[in-house]
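Novice: I'd like to ask you about the structure that follows.
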Amino acid sequence: MIEDLVNSAKNGNAEAFGELYGIYALDMYRFAYYYVGSSQTAEDCVGDAVCAAFEKIRDLKKADAFKSWLFKILRNCCNAALRDKKQSAANVEFTLMRDLQAPESDSSESLSLKAALRELADDEREIITLYFSCGYTSKEISQITGINHATVRSKIKRGTEKLRKKLEI
């Protein structure tokens, strides 16, 4: 079904593209929010990524690669926003329990997690965010980031352990 929508969107069907956006919108926002640390900036990044993807969808070679292609565009938009605003990706808020009901909570647990995330390398933070906040598999994260699948698994394990030690979970 998704491949049919992608092929239809590649042929100029805006409604098909809209359906694709509907499928990935929440995950895109979650990723962007936890990557840039601001709801407004996340919304801007998602909007920029959707516009860029719509403009470039005809360039997509394989319909089954749509999701990873879309998230690469989103990641690039997030990185550009961080550079433009001179923000640090360390300002990401995150929850290991996927409690995303109130993502801008300033509870002491959220602040502790934010501090622990600051100590992770940028690539670890990105991978951990995709894994826990969006629920992507290590294989999907590998496709999105271009990092070897085995390396992604090891970064998930090491990053999670670092967070556990910092948070004493």
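Each chain in the structure tokens gets a letter, A, B and so on, in the order shown; residues start at 1 in every chain, and ligands are counted from 1 in the order they appear.
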Could you write out, as a ChimeraX atom specification, all the residues of segment 11-166 of chain A that DSSP marks as alpha helix (DSSP H)?
Specialist: /A:14-36,39-56,66-84,108-118,122-132,138-145,149-166
Novice: I need the chosen residues saved as a compact mmCIF listing (two decimals), in the first residue's frame, with C-alpha atoms.
Specialist:
```
# COMPACT_ATOMS: atom_id res chain seq x y z
CA ALA A 14 -0.67 15.40 -4.09
CA GLU A 15 -3.40 13.46 -2.26
CA ALA A 16 -1.22 10.35 -2.22
CA PHE A 17 1.64 12.42 -0.81
CA GLY A 18 -0.74 13.80 1.81
CA GLU A 19 -1.65 10.25 2.84
CA LEU A 20 2.03 9.39 3.15
CA TYR A 21 2.55 12.44 5.33
CA GLY A 22 -0.38 11.33 7.49
CA ILE A 23 1.27 7.97 8.05
CA TYR A 24 4.58 9.46 9.22
CA ALA A 25 3.56 12.84 10.66
CA LEU A 26 3.59 11.87 14.34
CA ASP A 27 6.92 10.06 14.12
CA MET A 28 8.40 12.98 12.22
CA TYR A 29 7.28 15.44 14.87
CA ARG A 30 8.52 13.24 17.71
CA PHE A 31 11.91 12.83 16.10
CA ALA A 32 12.22 16.52 15.31
CA TYR A 33 11.07 17.58 18.79
CA TYR A 34 13.53 15.35 20.58
CA TYR A 35 16.29 16.25 18.16
CA VAL A 36 15.94 20.04 18.37
CA SER A 39 8.08 22.30 19.68
CA GLN A 40 8.06 25.36 17.42
CA THR A 41 11.38 24.49 15.80
CA ALA A 42 10.26 20.87 15.43
CA GLU A 43 7.10 21.98 13.64
CA ASP A 44 9.18 24.18 11.35
CA CYS A 45 11.57 21.34 10.58
CA VAL A 46 8.74 18.94 9.79
CA GLY A 47 7.15 21.53 7.53
CA ASP A 48 10.43 22.19 5.75
CA ALA A 49 11.08 18.46 5.34
CA VAL A 50 7.60 17.79 3.95
CA CYS A 51 7.95 20.63 1.43
CA ALA A 52 11.39 19.43 0.37
CA ALA A 53 10.20 15.83 0.07
CA PHE A 54 7.18 16.86 -1.99
CA GLU A 55 9.41 18.86 -4.34
CA LYS A 56 11.95 16.04 -4.71
CA PHE A 66 10.54 6.30 1.11
CA LYS A 67 10.60 6.27 4.91
CA SER A 68 14.37 6.34 5.27
CA TRP A 69 14.59 8.97 2.51
CA LEU A 70 11.98 11.12 4.28
CA PHE A 71 13.76 10.90 7.63
CA LYS A 72 17.11 11.77 6.05
CA ILE A 73 15.51 14.93 4.74
CA LEU A 74 14.02 15.63 8.18
CA ARG A 75 17.35 15.04 9.90
CA ASN A 76 19.01 17.48 7.50
CA CYS A 77 16.32 20.08 8.24
CA CYS A 78 16.83 19.59 11.98
CA ASN A 79 20.59 19.97 11.64
CA ALA A 80 20.10 23.14 9.61
CA ALA A 81 17.74 24.54 12.25
CA LEU A 82 20.24 23.78 14.99
CA ARG A 83 23.01 25.49 13.05
CA ASP A 84 20.83 28.46 12.17
CA SER A 108 12.71 16.83 37.69
CA GLU A 109 12.91 13.48 35.88
CA SER A 110 12.72 15.25 32.53
CA LEU A 111 15.43 17.70 33.56
CA SER A 112 17.67 14.85 34.75
CA LEU A 113 17.17 13.06 31.47
CA LYS A 114 17.94 16.24 29.56
CA ALA A 115 21.20 16.61 31.48
CA ALA A 116 22.12 12.97 30.86
CA LEU A 117 21.46 13.35 27.14
CA ARG A 118 23.85 16.30 26.98
CA ASP A 122 25.45 13.64 18.80
CA ASP A 123 25.17 10.38 16.86
CA GLU A 124 24.29 8.42 20.01
CA ARG A 125 21.62 10.97 20.93
CA GLU A 126 20.15 10.79 17.43
CA ILE A 127 20.06 6.99 17.42
CA ILE A 128 18.65 6.77 20.96
CA THR A 129 15.96 9.31 20.02
CA LEU A 130 14.93 7.40 16.89
CA TYR A 131 14.91 4.14 18.81
CA PHE A 132 12.97 5.16 21.90
CA SER A 138 18.05 -0.70 14.41
CA LYS A 139 17.75 -1.68 10.74
CA GLU A 140 15.43 1.26 10.04
CA ILE A 141 17.75 3.60 11.95
CA SER A 142 20.63 2.31 9.87
CA GLN A 143 18.74 3.22 6.70
CA ILE A 144 17.83 6.67 8.03
CA THR A 145 21.28 7.61 9.33
CA HIS A 149 23.38 -1.76 11.26
CA ALA A 150 25.76 -3.41 13.74
CA THR A 151 27.13 -0.01 14.77
CA VAL A 152 23.59 1.26 15.37
CA ARG A 153 22.84 -1.71 17.65
CA SER A 154 26.03 -1.13 19.59
CA LYS A 155 25.33 2.61 19.94
CA ILE A 156 21.82 1.83 21.23
CA LYS A 157 23.28 -0.50 23.83
CA ARG A 158 26.09 1.83 24.87
CA GLY A 159 23.91 4.95 24.85
CA THR A 160 21.22 3.27 26.93
CA GLU A 161 23.82 2.07 29.42
CA LYS A 162 25.28 5.57 29.72
CA LEU A 163 21.82 6.98 30.37
CA ARG A 164 21.05 4.29 32.95
CA LYS A 165 24.27 5.05 34.81
CA LYS A 166 23.67 8.79 34.76
```
Novice: Suppose you want the space between atom CA of Gly146 of chain A and atom CA of Ala63 of chain A; what is it in Å?
Specialist: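 These atoms are spaced 17.6 Å apart.
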Novice: When you draw a straight line from atom CA of Gly135 of chain A to atom CA of Asn148 of chain A, how long is it in Å?
Specialist: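 Separation between atom CA of Gly135 of chain A and atom CA of Asn148 of chain A: 18.2 Å.
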Novice: Quick one, how far is atom CA of Cys134 of chain A from atom CA of Ser38 of chain A?
Specialist: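 So the two atoms, atom CA of Cys134 of chain A and atom CA of Ser38 of chain A, lie 16.5 Å apart.
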Novice: Using only C-alpha atoms, can you tell me which of A:Thr137, A:Ala121, A:Glu168, A:Asn7 comes closest to Asp64 of chain A?
Specialist: A:Asn7
